[in-house]
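Structure file data_32.tsv; described as TSV, C-alpha atoms.
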```
chain	number	residue	atom	x	y	z
A	1	MET	CA	114.94	61.38	86.23
A	2	LYS	CA	112.58	64.28	85.73
A	3	HIS	CA	112.93	67.98	86.53
A	4	PHE	CA	110.11	70.50	87.00
A	5	LEU	CA	111.51	73.71	85.54
A	6	GLN	CA	108.43	74.64	83.52
A	7	LEU	CA	104.84	73.45	83.65
A	8	THR	CA	105.37	71.75	80.28
A	9	ASP	CA	108.10	69.50	81.68
A	10	LEU	CA	105.24	67.19	82.67
A	11	SER	CA	102.47	65.98	80.38
A	12	ARG	CA	98.77	66.60	80.92
A	13	GLU	CA	98.42	63.00	82.06
A	14	GLU	CA	101.18	63.46	84.63
A	15	HIS	CA	99.55	66.65	85.90
A	16	GLU	CA	96.22	64.88	86.22
A	17	TYR	CA	97.93	62.20	88.30
A	18	LEU	CA	99.45	64.95	90.47
A	19	PHE	CA	96.03	66.57	90.99
A	20	ALA	CA	94.54	63.24	92.10
A	21	ARG	CA	97.55	62.59	94.31
A	22	THR	CA	97.32	66.09	95.80
A	23	ARG	CA	93.70	65.41	96.79
A	24	HIS	CA	94.73	62.14	98.46
A	25	ILE	CA	97.72	63.63	100.29
A	26	LYS	CA	95.67	66.60	101.47
A	27	GLN	CA	92.98	64.29	102.81
A	28	LEU	CA	95.60	62.33	104.74
A	29	PHE	CA	96.93	65.59	106.20
A	30	LYS	CA	93.46	66.78	107.23
A	31	ASN	CA	92.78	63.44	108.92
A	32	TYR	CA	96.11	63.50	110.81
A	33	VAL	CA	97.32	60.36	109.01
A	34	ILE	CA	101.11	60.05	108.96
A	35	HIS	CA	102.44	59.76	105.40
A	36	HIS	CA	106.22	59.36	105.24
A	37	PRO	CA	107.15	58.05	101.78
A	38	LEU	CA	110.25	60.29	101.71
A	39	GLN	CA	111.67	59.23	105.06
A	40	ASP	CA	115.34	60.21	105.38
A	41	ARG	CA	115.25	62.05	102.04
A	42	MET	CA	116.85	65.50	101.94
A	43	LEU	CA	115.63	68.59	100.09
A	44	ALA	CA	118.05	71.47	99.43
A	45	MET	CA	116.26	74.82	99.02
A	46	VAL	CA	118.29	77.50	97.27
A	47	PHE	CA	116.90	81.03	97.61
A	48	GLU	CA	118.17	84.01	95.66
A	49	LYS	CA	114.78	85.75	95.99
A	50	GLN	CA	112.78	86.40	99.14
A	51	SER	CA	109.99	83.99	99.93
A	52	THR	CA	107.19	83.25	102.36
A	53	ARG	CA	104.86	80.70	100.75
A	54	THR	CA	107.57	78.90	98.78
A	55	ARG	CA	109.86	78.41	101.74
A	56	VAL	CA	107.17	77.43	104.25
A	57	SER	CA	105.35	75.10	101.84
A	58	PHE	CA	108.49	73.24	100.75
A	59	GLU	CA	110.03	73.08	104.22
A	60	ALA	CA	106.81	71.93	105.87
A	61	GLY	CA	106.03	69.67	102.93
A	62	ILE	CA	109.25	67.65	102.96
A	63	HIS	CA	108.96	67.31	106.76
A	64	GLN	CA	105.38	66.04	106.47
A	65	LEU	CA	106.60	63.47	103.93
A	66	GLY	CA	109.20	62.23	106.43
A	67	GLY	CA	112.22	64.05	105.03
A	68	SER	CA	114.36	67.04	105.97
A	69	SER	CA	115.48	70.26	104.31
A	70	ILE	CA	118.47	72.59	104.12
A	71	ASN	CA	117.93	76.28	103.40
A	72	LEU	CA	120.68	77.93	101.35
A	73	THR	CA	121.05	81.53	100.19
A	74	ARG	CA	123.64	83.24	98.00
A	75	GLY	CA	124.99	85.01	101.06
A	76	ASP	CA	125.81	81.87	103.02
A	77	THR	CA	127.15	79.72	100.17
A	78	GLN	CA	130.05	79.97	97.74
A	79	LEU	CA	127.59	81.22	95.11
A	80	GLY	CA	128.11	84.63	96.68
A	81	ARG	CA	131.82	84.39	95.95
A	82	GLY	CA	131.42	83.46	92.32
A	83	GLU	CA	131.46	79.66	92.33
A	84	PRO	CA	129.99	78.52	88.99
A	85	ILE	CA	126.42	77.25	89.21
A	86	GLU	CA	127.50	74.09	87.37
A	87	ASP	CA	130.00	73.27	90.14
A	88	VAL	CA	127.43	73.97	92.85
A	89	ALA	CA	124.99	71.63	91.12
A	90	ARG	CA	127.51	68.79	90.88
A	91	VAL	CA	128.39	69.08	94.57
A	92	ILE	CA	124.94	69.65	96.11
A	93	SER	CA	123.27	66.94	94.05
A	94	ARG	CA	125.73	64.35	95.44
A	95	MET	CA	124.60	65.18	98.98
A	96	VAL	CA	120.82	65.58	98.75
A	97	ASP	CA	117.90	63.86	97.02
A	98	LEU	CA	116.03	66.85	95.62
A	99	VAL	CA	116.74	70.54	94.93
A	100	MET	CA	114.31	73.47	94.79
A	101	ILE	CA	115.66	76.77	93.45
A	102	ARG	CA	114.04	80.22	93.62
A	103	THR	CA	116.14	82.57	91.53
A	104	TYR	CA	116.16	85.23	88.82
A	105	ASP	CA	116.96	84.03	85.29
A	106	GLN	CA	115.53	80.75	84.02
A	107	THR	CA	118.94	79.98	82.53
A	108	ILE	CA	120.37	79.66	86.06
A	109	ILE	CA	118.04	76.84	87.00
A	110	GLU	CA	118.45	75.19	83.60
A	111	ARG	CA	122.23	75.20	83.97
A	112	PHE	CA	121.90	73.76	87.47
A	113	ALA	CA	119.57	71.00	86.28
A	114	GLN	CA	121.93	70.10	83.42
A	115	PHE	CA	124.63	69.14	85.93
A	116	SER	CA	122.40	67.82	88.72
A	117	ARG	CA	122.19	64.14	89.63
A	118	VAL	CA	118.81	64.66	91.36
A	119	PRO	CA	115.47	66.24	90.35
A	120	VAL	CA	115.36	70.04	90.32
A	121	ILE	CA	112.19	72.07	90.97
A	122	ASN	CA	111.61	75.66	89.88
A	123	GLY	CA	110.40	77.54	92.97
A	124	LEU	CA	110.15	80.73	90.84
A	125	THR	CA	112.19	82.49	88.19
A	126	ASN	CA	111.66	85.71	86.28
A	127	GLU	CA	110.25	83.65	83.42
A	128	TYR	CA	108.05	80.96	85.05
A	129	HIS	CA	106.33	79.97	88.30
A	130	PRO	CA	105.12	76.39	87.68
A	131	CYS	CA	104.55	75.37	91.31
A	132	GLN	CA	102.08	78.23	91.76
A	133	ILE	CA	100.06	77.32	88.67
A	134	LEU	CA	100.10	73.66	89.72
A	135	ALA	CA	98.42	74.72	92.96
A	136	ASP	CA	96.10	77.17	91.18
A	137	ILE	CA	94.74	74.59	88.75
A	138	TYR	CA	94.26	72.14	91.63
A	139	THR	CA	92.39	74.82	93.58
A	140	TRP	CA	90.09	75.35	90.61
A	141	LEU	CA	89.40	71.60	90.44
A	142	GLU	CA	88.73	71.54	94.15
A	143	HIS	CA	86.09	74.28	93.92
A	144	ARG	CA	84.65	73.60	90.47
A	145	ASP	CA	85.20	70.89	87.85
A	146	THR	CA	87.45	70.51	84.83
A	147	ILE	CA	89.10	73.70	83.61
A	148	GLN	CA	88.93	72.49	80.01
A	149	GLY	CA	86.86	74.87	77.89
A	150	ARG	CA	86.79	77.56	80.59
A	151	THR	CA	88.09	81.13	80.38
A	152	VAL	CA	90.77	82.56	82.66
A	153	ALA	CA	91.28	86.34	82.71
A	154	TRP	CA	94.77	87.54	83.61
A	155	ILE	CA	94.72	91.22	84.62
A	156	GLY	CA	98.22	92.65	84.78
A	157	ASP	CA	101.56	92.58	83.05
A	158	ALA	CA	103.01	89.65	81.12
A	159	ASN	CA	105.15	88.36	83.97
A	160	ASN	CA	106.24	84.86	85.01
A	161	MET	CA	102.72	84.01	86.19
A	162	PHE	CA	101.19	85.03	82.86
A	163	TYR	CA	103.59	82.93	80.80
A	164	THR	CA	102.96	79.92	83.03
A	165	TRP	CA	99.18	80.42	82.76
A	166	LEU	CA	99.67	80.45	78.99
A	167	GLN	CA	101.48	77.11	79.15
A	168	ALA	CA	98.59	75.81	81.28
A	169	ALA	CA	96.02	77.02	78.73
A	170	ARG	CA	97.63	74.88	76.06
A	171	LEU	CA	98.12	71.89	78.37
A	172	PHE	CA	94.57	71.87	79.75
A	173	ASP	CA	92.70	73.36	76.79
A	174	PHE	CA	91.18	76.59	78.12
A	175	ARG	CA	91.07	80.20	76.95
A	176	LEU	CA	93.37	82.82	78.47
A	177	HIS	CA	92.43	86.50	78.32
A	178	LEU	CA	95.16	89.07	78.96
A	179	ALA	CA	94.62	92.74	79.77
A	180	ALA	CA	97.79	94.75	80.29
A	181	PRO	CA	98.63	98.45	79.94
A	182	GLY	CA	100.51	99.52	76.82
A	183	GLY	CA	104.12	98.47	77.02
A	184	TYR	CA	103.47	95.68	79.52
A	185	GLY	CA	102.15	93.03	77.15
A	186	PRO	CA	103.78	89.75	76.19
A	187	ASP	CA	106.91	89.30	74.12
A	188	PRO	CA	105.80	87.68	70.83
A	189	ALA	CA	109.10	85.83	70.66
A	190	ARG	CA	108.17	83.94	73.83
A	191	ILE	CA	104.79	82.74	72.58
A	192	ALA	CA	104.73	79.63	70.41
A	193	ALA	CA	102.09	79.39	67.71
A	194	GLU	CA	100.46	76.50	69.59
A	195	GLU	CA	100.11	78.72	72.66
A	196	ALA	CA	98.92	81.80	70.76
A	197	ALA	CA	95.84	79.87	69.68
A	198	PHE	CA	94.65	79.88	73.31
A	199	LEU	CA	95.34	83.58	74.00
A	200	THR	CA	93.24	86.70	73.44
A	201	THR	CA	94.59	90.12	74.41
A	202	PHE	CA	92.51	93.15	75.42
A	203	GLU	CA	93.26	96.80	76.03
A	204	ASP	CA	90.23	97.11	78.33
A	205	PRO	CA	90.46	94.92	81.46
A	206	MET	CA	86.67	94.98	81.80
A	207	GLU	CA	86.39	93.29	78.42
A	208	ALA	CA	89.03	90.73	79.40
A	209	ALA	CA	87.04	89.85	82.52
A	210	ARG	CA	83.69	89.67	80.72
A	211	GLY	CA	82.28	86.16	81.07
A	212	ALA	CA	85.47	84.78	82.59
A	213	ASP	CA	85.24	81.76	84.90
A	214	LEU	CA	88.39	82.72	86.78
A	215	VAL	CA	89.88	86.18	87.28
A	216	THR	CA	93.45	86.34	88.53
A	217	THR	CA	96.16	88.95	88.97
A	218	ASP	CA	99.49	89.69	90.64
A	219	VAL	CA	101.27	92.66	92.18
A	220	TRP	CA	101.97	95.51	89.79
A	221	THR	CA	105.68	95.49	90.64
A	222	SER	CA	107.38	92.11	90.67
A	223	MET	CA	110.63	91.45	92.54
A	224	GLY	CA	113.54	93.00	90.69
A	225	PHE	CA	111.46	95.88	89.28
A	226	GLU	CA	111.12	97.98	92.43
A	227	ALA	CA	112.67	101.03	90.75
A	228	GLU	CA	109.58	101.16	88.51
A	229	THR	CA	107.04	101.14	91.36
A	230	ASP	CA	105.81	104.73	91.06
A	231	GLU	CA	105.58	104.58	87.28
A	232	ARG	CA	103.75	101.27	87.39
A	233	LYS	CA	101.19	102.58	89.88
A	234	LYS	CA	100.25	105.26	87.35
A	235	ASP	CA	100.23	102.90	84.37
A	236	PHE	CA	98.13	100.24	86.12
A	237	ALA	CA	95.67	102.61	87.82
A	238	ASP	CA	92.74	101.32	85.72
A	239	PHE	CA	93.67	97.66	86.11
A	240	GLN	CA	92.60	96.98	89.69
A	241	VAL	CA	90.41	93.90	90.12
A	242	ASP	CA	87.48	95.34	92.06
A	243	ALA	CA	83.81	94.50	92.52
A	244	GLU	CA	82.88	96.24	89.28
A	245	MET	CA	85.34	94.12	87.32
A	246	MET	CA	84.26	90.89	89.02
A	247	ALA	CA	80.68	91.76	88.09
A	248	GLN	CA	81.71	91.47	84.43
A	249	ALA	CA	82.85	87.88	84.97
A	250	HIS	CA	80.65	84.80	85.14
A	251	PRO	CA	78.36	84.94	88.20
A	252	GLU	CA	80.15	81.91	89.68
A	253	ALA	CA	83.63	83.11	88.77
A	254	LEU	CA	86.48	82.62	91.22
A	255	PHE	CA	89.22	85.11	92.07
A	256	MET	CA	92.84	84.05	92.59
A	257	HIS	CA	96.05	85.85	93.53
A	258	CYS	CA	99.43	84.19	94.10
A	259	LEU	CA	100.15	86.57	97.02
A	260	PRO	CA	101.46	88.69	98.60
A	261	ALA	CA	98.65	91.09	97.69
A	262	HIS	CA	98.65	94.87	97.87
A	263	ARG	CA	95.08	95.73	98.81
A	264	GLY	CA	93.94	98.86	97.04
A	265	GLU	CA	96.39	98.39	94.18
A	266	GLU	CA	96.02	95.33	91.94
A	267	VAL	CA	93.01	94.09	93.93
A	268	SER	CA	90.47	95.74	96.20
A	269	HIS	CA	90.04	94.63	99.79
A	270	GLU	CA	86.41	93.82	98.97
A	271	VAL	CA	87.37	91.29	96.29
A	272	LEU	CA	90.33	89.76	98.13
A	273	GLU	CA	88.20	89.07	101.20
A	274	GLY	CA	84.98	88.44	99.26
A	275	PRO	CA	83.02	85.23	98.65
A	276	GLN	CA	84.52	84.64	95.19
A	277	SER	CA	88.08	84.75	96.51
A	278	VAL	CA	89.86	81.42	97.02
A	279	VAL	CA	93.31	82.90	97.66
A	280	TRP	CA	93.76	81.25	101.07
A	281	ASP	CA	92.89	77.80	99.72
A	282	GLU	CA	95.20	78.57	96.81
A	283	ALA	CA	98.05	79.39	99.20
A	284	GLU	CA	97.49	76.27	101.31
A	285	ASN	CA	97.39	74.10	98.23
A	286	ARG	CA	100.98	75.04	97.43
A	287	LEU	CA	101.85	72.74	100.34
A	288	HIS	CA	99.87	69.73	99.18
A	289	ALA	CA	100.54	70.06	95.44
A	290	GLN	CA	104.28	70.32	96.07
A	291	LYS	CA	104.18	67.28	98.34
A	292	ALA	CA	102.60	65.32	95.48
A	293	LEU	CA	105.23	66.72	93.11
A	294	MET	CA	108.21	65.84	95.33
A	295	GLU	CA	106.85	62.35	95.92
A	296	TYR	CA	106.35	61.83	92.18
A	297	LEU	CA	109.78	63.13	91.16
A	298	LEU	CA	111.51	60.82	93.64
A	299	LEU	CA	109.28	57.73	93.70
A	300	GLY	CA	107.12	57.83	90.60
A	301	ARG	CA	103.43	56.94	90.71
A	302	GLN	CA	102.07	55.69	94.02
A	303	ASN	CA	98.94	53.73	94.80
A	304	SER	CA	98.69	54.20	98.57
```

Is it possible to express this structure as structure tokens?
Amino acid sequence: MKHFLQLTDLSREEHEYLFARTRHIKQLFKNYVIHHPLQDRMLAMVFEKQSTRTRVSFEAGIHQLGGSSINLTRGDTQLGRGEPIEDVARVISRMVDLVMIRTYDQTIIERFAQFSRVPVINGLTNEYHPCQILADIYTWLEHRDTIQGRTVAWIGDANNMFYTWLQAARLFDFRLHLAAPGGYGPDPARIAAEEAAFLTTFEDPMEAARGADLVTTDVWTSMGFEAETDERKKDFADFQVDAEMMAQAHPEALFMHCLPAHRGEEVSHEVLEGPQSVVWDEAENRLHAQKALMEYLLLGRQNS
């Protein structure tokens, strides 16, 4: 049994299988071909953080694979009354086939997985967002070619997306540039020496974007940090991805954003809606990449 709590829980070879499988499953979907390998399988979705793309993509995805889903929140389960996560895991995993959790601390999902009898998927934690990067890398492959040897520029703070991009850089052998305001950079204790070899940090976001093949960013204030919104707006004022910054990147560079986006803050309207932006494909590909992931975790490699 495998879990998907971090991008590195699967090998590069397994990810490459998932990318190929995502392409196949997406083609079936576009051609209105019924594909129900997970008929009568049940996905439990546990949400402690708000969600649009994660909920819709997983709920629609399991349905399109022939299964069903249950949506659970802290407020409507015994989690809200202090039931230990280990007990919840042992009970839920006896009743469903697969669990997706979107929560705060990575330790919560790790504790759940330790006591789960079924695969557990990280739908987002404060530390990592592997499903998003799975879809992002697939989107790159869909629009370009291999990401190996390319340069990805991350403009923003060292949040869960950044750390997952760093895992991806090591897995798929590309360079990651980071530009963050002072005080918002990465925690050295969280970066292994093998990962540091793929990372270059910049004080100037224009320099980070220079020559990049992919420029990507996220909101300036992640969930859980709302009290810092005003301060962050001041600190990140020079870190908006706009047309001038995209002009520093490779002429054929793509722009990505995990969404939701705040136009006029971390990205300009011109870039978000511009010809280099693939954010809507990126969002849609959450659906198809996660279908490939759920199929793989439950059934292993498929040939049809």

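With atom CA of A:Ala193 on one side and atom CA of A:Leu166 on the other, the separation reads 11.6 Å.
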
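Closest to A:Arg94 among A:Leu124, A:Met42, A:Met256, A:Ile137 is A:Met42, based on all atoms listed in the file.
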
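Across the structure, atom CA of A:Pro251 and atom CA of A:Ser277 are spaced 12.8 Å apart.
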
**Asked** Excluding same-chain residues fewer than 3 positions from stretch 169-178 of chain A, what lies within 7 Å of it counting only C-alpha atoms, as a list in words?
**Response** Arg12, Ile147, Gln148, Gly149, Arg150, Thr151, Val152, Ala153, Trp154, Ile155, Trp165, Leu166, Glu195, Phe198, Leu199, Thr200, Thr201, Phe202 and Ala208 of chain A

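Closest to A:Val219 among A:His250, A:Arg301, A:His262, A:Lys234 is A:His262, based on all atoms listed in the file.
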
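If you look at atom CA of A:Ile70 and atom CA of A:Glu14, they are 27.6 Å away from each other.
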
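Closest to A:Phe47 among A:Thr73, A:Thr22, A:Thr8, A:Thr125 is A:Thr73, based on all atoms listed in the file.
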
What's around A:Arg23 at 12 Å? Count all atoms listed in the file, leave out sequence neighbours fewer than 5 positions away in its own chain, and write the answer as a short mmCIF file (atom, residue, chain, number, x, y, z; two decimals) with C-alpha atoms, in the coordinates of the input.
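That gives us around34.cif:
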```cif
data_model
loop_
_atom_site.label_atom_id
_atom_site.label_comp_id
_atom_site.auth_asym_id
_atom_site.auth_seq_id
_atom_site.Cartn_x
_atom_site.Cartn_y
_atom_site.Cartn_z
CA GLU A 16 96.22 64.88 86.22
CA TYR A 17 97.93 62.20 88.30
CA LEU A 18 99.45 64.95 90.47
CA LEU A 28 95.60 62.33 104.74
CA PHE A 29 96.93 65.59 106.20
CA LYS A 30 93.46 66.78 107.23
CA ALA A 135 98.42 74.72 92.96
CA TYR A 138 94.26 72.14 91.63
CA THR A 139 92.39 74.82 93.58
CA LEU A 141 89.40 71.60 90.44
CA GLU A 142 88.73 71.54 94.15
CA ASN A 285 97.39 74.10 98.23
CA LEU A 287 101.85 72.74 100.34
CA HIS A 288 99.87 69.73 99.18
CA ALA A 289 100.54 70.06 95.44
CA GLN A 290 104.28 70.32 96.07
CA LYS A 291 104.18 67.28 98.34
CA ALA A 292 102.60 65.32 95.48
#
```

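Comparing the minimum interatomic distances between A:Asn159 and each of A:His269, A:His129, A:Arg144, A:Arg111, counting all atoms listed in the file, we find that A:His129 sits nearest.
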
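Shortest atom-to-atom contact with A:Arg53 among A:Ser93, A:Ser304, A:Asn122, A:Gln132: A:Gln132, counting all atoms listed in the file.
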
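Distances here use only C-alpha atoms; by that measure, the residue among A:Ala44, A:Leu38, A:Ile133, A:Val118 closest to A:Gln6 is A:Ile133.
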
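For A:Ala89, the list of residues within 6 Å, based on all atoms listed in the file and with local chain neighbours fewer than 3 positions off taken out, reads Glu86, Ile92, Ser93, Phe112, Phe115 and Ser116 of chain A.
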
Just the selected residues (C-alpha atoms), exported as a tab-separated table (two decimals), in the frame of the given file, please.
```tsv
chain	number	residue	atom	x	y	z
A	86	GLU	CA	127.50	74.09	87.37
A	92	ILE	CA	124.94	69.65	96.11
A	93	SER	CA	123.27	66.94	94.05
A	112	PHE	CA	121.90	73.76	87.47
A	115	PHE	CA	124.63	69.14	85.93
A	116	SER	CA	122.40	67.82	88.72
```

**Test item: residues at most 6 Å from stretch 100-105 of chain A, all atoms listed in the file, excluding those fewer than 2 positions along its chain, as a VMD selection string** = chain A and resid 45 to 49 107 to 108 120 to 126

Could you put an axis-aligned box around every listed atom of stretch 238-247 of chain A, padded by 3 Å on each side, and send me its centre and edge lengths in Å to one decimal, as JSON?
```
{"center_x": 87.2, "center_y": 96.1, "center_z": 89.1, "size_x": 19.0, "size_y": 16.4, "size_z": 12.8}
```
